[in-house]
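Visitor: This is my_file_22.pdb, which holds PDB, C-alpha atoms:
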```
ATOM      1  CA  GLY W  32    -208.269 -61.683  54.876
ATOM      2  CA  LEU W  33    -206.226 -58.678  55.883
ATOM      3  CA  GLY W  34    -208.906 -57.263  58.191
ATOM      4  CA  GLU W  35    -209.263 -60.513  60.112
ATOM      5  CA  ALA W  36    -205.486 -60.898  60.365
ATOM      6  CA  SER W  37    -205.188 -57.362  61.756
ATOM      7  CA  ARG W  38    -207.919 -58.092  64.304
ATOM      8  CA  VAL W  39    -206.164 -61.270  65.465
ATOM      9  CA  VAL W  40    -202.807 -59.472  65.775
ATOM     10  CA  ARG W  41    -204.441 -56.670  67.827
ATOM     11  CA  GLN W  42    -206.030 -59.237  70.115
ATOM     12  CA  ALA W  43    -202.749 -61.129  70.523
ATOM     13  CA  ASP W  44    -200.913 -57.910  71.344
ATOM     14  CA  ALA W  45    -203.540 -57.020  73.949
ATOM     15  CA  LEU W  46    -203.327 -60.467  75.538
ATOM     16  CA  VAL W  47    -199.514 -60.338  75.692
ATOM     17  CA  SER W  48    -199.335 -56.811  77.104
ATOM     18  CA  MET W  49    -202.319 -57.079  79.507
ATOM     19  CA  GLY W  50    -201.916 -60.098  81.761
ATOM     20  CA  THR W  51    -204.957 -59.367  83.927
ATOM     21  CA  VAL W  52    -207.148 -59.061  80.847
ATOM     22  CA  ALA W  53    -205.688 -62.309  79.464
ATOM     23  CA  ALA W  54    -206.585 -64.035  82.729
ATOM     24  CA  GLY W  55    -210.101 -62.611  82.430
ATOM     25  CA  VAL W  56    -210.410 -64.024  78.910
ATOM     26  CA  ARG W  57    -209.225 -67.435  80.101
ATOM     27  CA  ALA W  58    -211.700 -67.317  83.004
ATOM     28  CA  GLY W  59    -214.552 -66.281  80.722
ATOM     29  CA  SER W  60    -215.194 -62.938  82.419
ATOM     30  CA  VAL W  61    -213.935 -61.031  79.356
ATOM     31  CA  PRO W  62    -215.819 -62.260  76.270
ATOM     32  CA  LEU W  63    -213.950 -62.315  72.965
ATOM     33  CA  GLY W  64    -216.121 -59.521  71.573
ATOM     34  CA  HIS W  65    -215.098 -57.334  74.504
ATOM     35  CA  LEU W  66    -211.453 -58.285  73.926
ATOM     36  CA  ASP W  67    -211.860 -57.204  70.315
ATOM     37  CA  GLU W  68    -213.143 -53.774  71.432
ATOM     38  CA  LEU W  69    -210.318 -53.409  73.965
ATOM     39  CA  ALA W  70    -207.678 -54.490  71.447
ATOM     40  CA  ARG W  71    -208.973 -51.981  68.888
ATOM     41  CA  VAL W  72    -208.865 -49.176  71.450
ATOM     42  CA  ALA W  73    -205.428 -50.196  72.771
ATOM     43  CA  SER W  74    -203.924 -50.345  69.281
ATOM     44  CA  SER W  75    -204.936 -46.762  68.537
ATOM     45  CA  ALA W  76    -204.381 -45.317  72.027
ATOM     46  CA  THR W  77    -201.950 -42.524  72.730
ATOM     47  CA  PRO W  78    -198.717 -43.626  74.421
ATOM     48  CA  GLU W  79    -200.027 -42.182  77.698
ATOM     49  CA  VAL W  80    -203.244 -44.206  77.575
ATOM     50  CA  ALA W  81    -201.395 -47.330  76.420
ATOM     51  CA  ALA W  82    -199.096 -47.057  79.442
ATOM     52  CA  VAL W  83    -202.065 -46.728  81.794
ATOM     53  CA  LEU W  84    -203.777 -49.713  80.149
ATOM     54  CA  ARG W  85    -200.763 -51.864  80.954
ATOM     55  CA  THR W  86    -201.144 -51.241  84.700
ATOM     56  CA  VAL W  87    -202.808 -53.917  86.809
ATOM     57  CA  GLU W  88    -205.217 -51.366  88.315
ATOM     58  CA  ALA W  89    -206.484 -50.232  84.910
ATOM     59  CA  GLN W  90    -206.819 -53.801  83.681
ATOM     60  CA  GLU W  91    -208.846 -54.696  86.762
ATOM     61  CA  GLN W  92    -211.192 -51.787  85.978
ATOM     62  CA  VAL W  93    -211.526 -52.948  82.360
ATOM     63  CA  VAL W  94    -212.211 -56.550  83.403
ATOM     64  CA  GLY W  95    -214.814 -55.274  85.860
ATOM     65  CA  MET W  96    -216.536 -53.317  83.084
ATOM     66  CA  ALA W  97    -216.451 -56.376  80.811
ATOM     67  CA  ARG W  98    -218.120 -58.569  83.448
ATOM     68  CA  VAL W  99    -221.251 -56.444  83.669
ATOM     69  CA  ALA W 100    -221.691 -54.779  80.271
ATOM     70  CA  SER W 101    -222.896 -55.898  76.879
ATOM     71  CA  ARG W 102    -220.417 -55.371  74.029
ATOM     72  CA  PRO W 103    -221.931 -52.021  72.920
ATOM     73  CA  ASP W 104    -222.145 -50.791  76.523
ATOM     74  CA  PHE W 105    -218.586 -51.989  77.162
ATOM     75  CA  ALA W 106    -217.359 -50.135  74.055
ATOM     76  CA  ARG W 107    -219.005 -46.904  75.250
ATOM     77  CA  ALA W 108    -217.713 -47.331  78.821
ATOM     78  CA  LEU W 109    -214.224 -48.032  77.502
ATOM     79  CA  ALA W 110    -214.346 -44.943  75.285
ATOM     80  CA  ARG W 111    -215.359 -42.812  78.287
ATOM     81  CA  TRP W 112    -212.592 -44.366  80.371
ATOM     82  CA  VAL W 113    -209.976 -43.654  77.673
ATOM     83  CA  ALA W 114    -211.231 -40.072  77.320
ATOM     84  CA  ALA W 115    -210.854 -39.575  81.065
ATOM     85  CA  GLN W 116    -207.261 -40.811  80.910
ATOM     86  CA  ASP W 117    -206.217 -38.389  78.151
ATOM     87  CA  PRO W 118    -208.774 -35.603  77.638
ATOM     88  CA  GLY W 119    -206.281 -33.628  75.547
ATOM     89  CA  ALA W 120    -206.129 -36.392  72.938
ATOM     90  CA  LEU W 121    -209.921 -36.549  72.832
ATOM     91  CA  GLU W 122    -210.097 -32.812  72.241
ATOM     92  CA  ALA W 123    -207.432 -33.014  69.521
ATOM     93  CA  GLU W 124    -209.348 -35.829  67.784
ATOM     94  CA  HIS W 125    -212.557 -33.797  67.966
ATOM     95  CA  GLU W 126    -210.802 -30.800  66.408
ATOM     96  CA  VAL W 127    -209.530 -32.968  63.529
ATOM     97  CA  GLN W 128    -213.051 -34.277  62.940
ATOM     98  CA  ARG W 129    -214.438 -30.757  63.123
ATOM     99  CA  ARG W 130    -211.935 -29.434  60.572
ATOM    100  CA  GLU W 131    -212.901 -32.251  58.185
ATOM    101  CA  ARG W 132    -216.646 -31.622  58.400
ATOM    102  CA  PHE W 133    -218.588 -30.857  55.233
ATOM    103  CA  PHE W 134    -222.056 -31.061  53.792
ATOM    104  CA  SER W 135    -223.233 -30.720  50.216
ATOM    105  CA  MET W 136    -226.491 -31.058  48.343
ATOM    106  CA  SER W 137    -226.574 -31.881  44.681
ATOM    107  CA  VAL W 138    -229.768 -31.464  42.685
ATOM    108  CA  GLN W 139    -229.982 -34.206  40.055
ATOM    109  CA  PRO W 140    -232.792 -35.347  37.757
ATOM    110  CA  GLY W 141    -233.357 -38.348  40.056
ATOM    111  CA  GLY W 142    -233.643 -36.256  43.218
ATOM    112  CA  VAL W 143    -231.451 -34.337  45.635
ATOM    113  CA  PHE W 144    -228.336 -36.159  46.795
ATOM    114  CA  LEU W 145    -226.764 -35.397  50.163
ATOM    115  CA  LYS W 146    -223.166 -36.023  51.094
ATOM    116  CA  GLY W 147    -221.321 -35.063  54.237
ATOM    117  CA  ARG W 148    -219.258 -35.780  57.293
ATOM    118  CA  LEU W 149    -219.881 -34.493  60.812
ATOM    119  CA  ASP W 150    -217.814 -34.673  63.945
ATOM    120  CA  ARG W 151    -219.104 -37.130  66.538
ATOM    121  CA  VAL W 152    -220.827 -34.478  68.642
ATOM    122  CA  ALA W 153    -222.679 -32.968  65.682
ATOM    123  CA  GLY W 154    -223.508 -36.435  64.377
ATOM    124  CA  GLU W 155    -224.980 -37.487  67.699
ATOM    125  CA  THR W 156    -226.942 -34.215  67.871
ATOM    126  CA  LEU W 157    -228.400 -34.931  64.434
ATOM    127  CA  ARG W 158    -229.199 -38.544  65.361
ATOM    128  CA  VAL W 159    -231.075 -37.435  68.486
ATOM    129  CA  ALA W 160    -232.999 -34.802  66.507
ATOM    130  CA  LEU W 161    -233.952 -37.342  63.827
ATOM    131  CA  ASP W 162    -235.013 -39.880  66.471
ATOM    132  CA  ALA W 163    -237.198 -37.206  68.058
ATOM    133  CA  MET W 164    -239.178 -36.986  64.810
ATOM    134  CA  GLY W 165    -240.559 -40.454  65.602
ATOM    135  CA  GLN W 166    -240.112 -41.848  62.102
ATOM    136  CA  TYR W 167    -239.303 -45.556  61.940
ATOM    137  CA  GLY W 168    -239.286 -48.155  59.216
ATOM    138  CA  ASP W 169    -242.400 -50.284  58.886
ATOM    139  CA  GLN W 170    -244.277 -52.292  56.245
ATOM    140  CA  THR W 171    -244.588 -49.264  53.952
ATOM    141  CA  ARG W 172    -241.064 -47.827  54.116
ATOM    142  CA  SER W 173    -237.525 -48.892  54.904
ATOM    143  CA  PRO W 174    -235.536 -47.498  57.852
ATOM    144  CA  GLY W 175    -233.623 -45.341  55.344
ATOM    145  CA  GLN W 176    -236.855 -43.937  53.936
ATOM    146  CA  ALA W 177    -238.086 -43.217  57.469
ATOM    147  CA  SER W 178    -234.807 -41.391  58.207
ATOM    148  CA  ALA W 179    -235.252 -39.325  55.033
ATOM    149  CA  ASP W 180    -238.786 -38.453  56.148
ATOM    150  CA  ALA W 181    -237.466 -37.484  59.594
ATOM    151  CA  LEU W 182    -234.832 -35.203  58.022
ATOM    152  CA  ALA W 183    -237.479 -33.513  55.879
ATOM    153  CA  MET W 184    -239.702 -33.033  58.937
ATOM    154  CA  LEU W 185    -236.788 -31.596  60.890
ATOM    155  CA  ALA W 186    -235.987 -29.136  58.102
TER     156      ALA W 186
END
```
Starting from the file, lay out its structure as structure tokens.
Guide:
Amino acid sequence: GLGEASRVVRQADALVSMGTVAAGVRAGSVPLGHLDELARVASSATPEVAAVLRTVEAQEQVVGMARVASRPDFARALARWVAAQDPGALEAEHEVQRRERFFSMSVQPGGVFLKGRLDRVAGETLRVALDAMGQYGDQTRSPGQASADALAMLA
């Protein structure tokens, strides 16, 4: 499909433009899942970050992160690394997300429906607050039901 084709093209572009990373993939120190994360980040990076990513020094750092981190940890470490390279772009992205935030509640006969979008910082704040409510799915309720209970408790 189109999504898979796009993923393969991103990976190929990363391998062609990042020789040290390509060597890491061949050697097995950069797993394919990590390459996928790196390729996704590189394809959407600012020109400044893309230029830094093409340097041997940056690629060595990325390969080093890939050697020791799980895919989710690698993705987070890579995001922090990219943010450090171009903090202005990170701030601009945050401002776009913040301008697009919204929340609405709609009372319907079947219940109250919630719809919204938060910026990453607000979303993470909400996730932490919901987690702090200690509500988790079990035999009597799904994870979604537990999250709804946590939101009600928080309110």
Visitor: Ranking W:Trp112, W:Phe105, W:Asp67, W:Gly95 by minimum distance to Glu35 (chain W) and counting only C-alpha atoms, which one comes first?
Guide: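 Closest residue, counting only C-alpha atoms: W:Asp67.
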Visitor: Considering all atoms listed in the file, tabulate each residue of region 92-136 of chain W that lies at most 10 Å from region 72-78 of chain W along with its nearest interatomic pair and the corresponding distance in Å to one decimal; arrange the rows by chain and ascending residue number and present them as a tab-separated table.
Guide:
```
residue	atom	partner	partner_atom	distance
W:Ala106	CA	W:Val72	CA	8.9
W:Leu109	CA	W:Val72	CA	8.2
W:Ala110	CA	W:Val72	CA	7.9
W:Val113	CA	W:Ala76	CA	8.1
W:Gln116	CA	W:Thr77	CA	9.9
W:Asp117	CA	W:Thr77	CA	8.0
W:Ala120	CA	W:Thr77	CA	7.4
W:Leu121	CA	W:Thr77	CA	10.0
```
Visitor: Identify which of the residues W:Ala181, W:Leu66, W:Ala43, W:Ala89 lies closest to Ala160 (chain W), counting all atoms listed in the file when measuring atom-to-atom distances.
Guide: W:Ala181
Visitor: Using all atoms listed in the file for the distances, tell me which of W:Glu79, W:Asp169, W:Asp162, W:Glu68 is nearest to Ala115 (chain W).
Guide: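 Among W:Glu79, W:Asp169, W:Asp162, W:Glu68, it is W:Glu79 that comes nearest to Ala115 (chain W).
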Visitor: Using all atoms listed in the file, which protein or nucleic acid residues come within 10 Å of Leu185 (chain W)? Drop anything in the same chain fewer than 5 positions from it, and give the result as a list in words.
Guide: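 Those residues are Leu157, Ala160, Leu161, Ala163, Met164, Ala179 and Asp180 of chain W.
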Visitor: Box for region 110-128 of chain W: with edges along x, y and z, all listed atoms inside and 4 Å added on each side, what are the centre and edge lengths in Å to one decimal, as lines of an AutoDock Vina configuration file?
Guide:
```
center_x = -210.7
center_y = -37.9
center_z = 72.0
size_x = 17.2
size_y = 22.1
size_z = 26.1
```
Visitor: Of the candidates W:Arg107, W:Lys146, W:Arg129, W:Arg102, which one gets nearest to Gly64 (chain W) if we count only C-alpha atoms?
Guide: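 Nearest candidate to Gly64 (chain W) out of W:Arg107, W:Lys146, W:Arg129, W:Arg102: W:Arg102.
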Visitor: Give me, please, the distance in Å between CA of Ser101 (chain W) and CA of Val52 (chain W), quoted to one decimal.
Guide: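 These two atoms are separated by 16.5 Å.
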Visitor: Of the candidates W:Ala58, W:Val87, W:Val143, W:Val127, which shows the shortest atom-to-atom distance to Ala183 (chain W), using all atoms listed in the file?
Guide: W:Val143
Visitor: Apply the PyMOL selection byres ((chain W and resi 61) around 9) to the file shown and report the selected residues as a PyMOL selection string.
Guide: chain W and resi 52-60+62-66+93-98
Visitor: Go ahead and save the residues from that selection, with C-alpha atoms, as a PDB file, in the frame of the given file.
Guide:
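Listed below is the output, result-v1.pdb:
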```
ATOM      1  CA  VAL W  52    -207.148 -59.061  80.847  1.00  0.00           C
ATOM      2  CA  ALA W  53    -205.688 -62.309  79.464  1.00  0.00           C
ATOM      3  CA  ALA W  54    -206.585 -64.035  82.729  1.00  0.00           C
ATOM      4  CA  GLY W  55    -210.101 -62.611  82.430  1.00  0.00           C
ATOM      5  CA  VAL W  56    -210.410 -64.024  78.910  1.00  0.00           C
ATOM      6  CA  ARG W  57    -209.225 -67.435  80.101  1.00  0.00           C
ATOM      7  CA  ALA W  58    -211.700 -67.317  83.004  1.00  0.00           C
ATOM      8  CA  GLY W  59    -214.552 -66.281  80.722  1.00  0.00           C
ATOM      9  CA  SER W  60    -215.194 -62.938  82.419  1.00  0.00           C
ATOM     10  CA  PRO W  62    -215.819 -62.260  76.270  1.00  0.00           C
ATOM     11  CA  LEU W  63    -213.950 -62.315  72.965  1.00  0.00           C
ATOM     12  CA  GLY W  64    -216.121 -59.521  71.573  1.00  0.00           C
ATOM     13  CA  HIS W  65    -215.098 -57.334  74.504  1.00  0.00           C
ATOM     14  CA  LEU W  66    -211.453 -58.285  73.926  1.00  0.00           C
ATOM     15  CA  VAL W  93    -211.526 -52.948  82.360  1.00  0.00           C
ATOM     16  CA  VAL W  94    -212.211 -56.550  83.403  1.00  0.00           C
ATOM     17  CA  GLY W  95    -214.814 -55.274  85.860  1.00  0.00           C
ATOM     18  CA  MET W  96    -216.536 -53.317  83.084  1.00  0.00           C
ATOM     19  CA  ALA W  97    -216.451 -56.376  80.811  1.00  0.00           C
ATOM     20  CA  ARG W  98    -218.120 -58.569  83.448  1.00  0.00           C
TER      21      ARG W  98
END
```
Visitor: Could you tell me which of W:Arg85, W:Gly32, W:Val80, W:His125 comes closest to Leu46 (chain W) if we count all atoms listed in the file?
Guide: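 Selected residue with least distance to Leu46 (chain W): W:Arg85.
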Visitor: How far is it from CA of Thr156 (chain W) to CA of Ala114 (chain W), in Å with one decimal?
Guide: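 CA of Ala114 (chain W) lies 19.2 Å from CA of Thr156 (chain W).
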Visitor: So how far away is CA of Arg111 (chain W) from CA of Arg151 (chain W), in Å?
Guide: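 Computing the Euclidean distance for CA of Arg151 (chain W) and CA of Arg111 (chain W) yields 13.6 Å.
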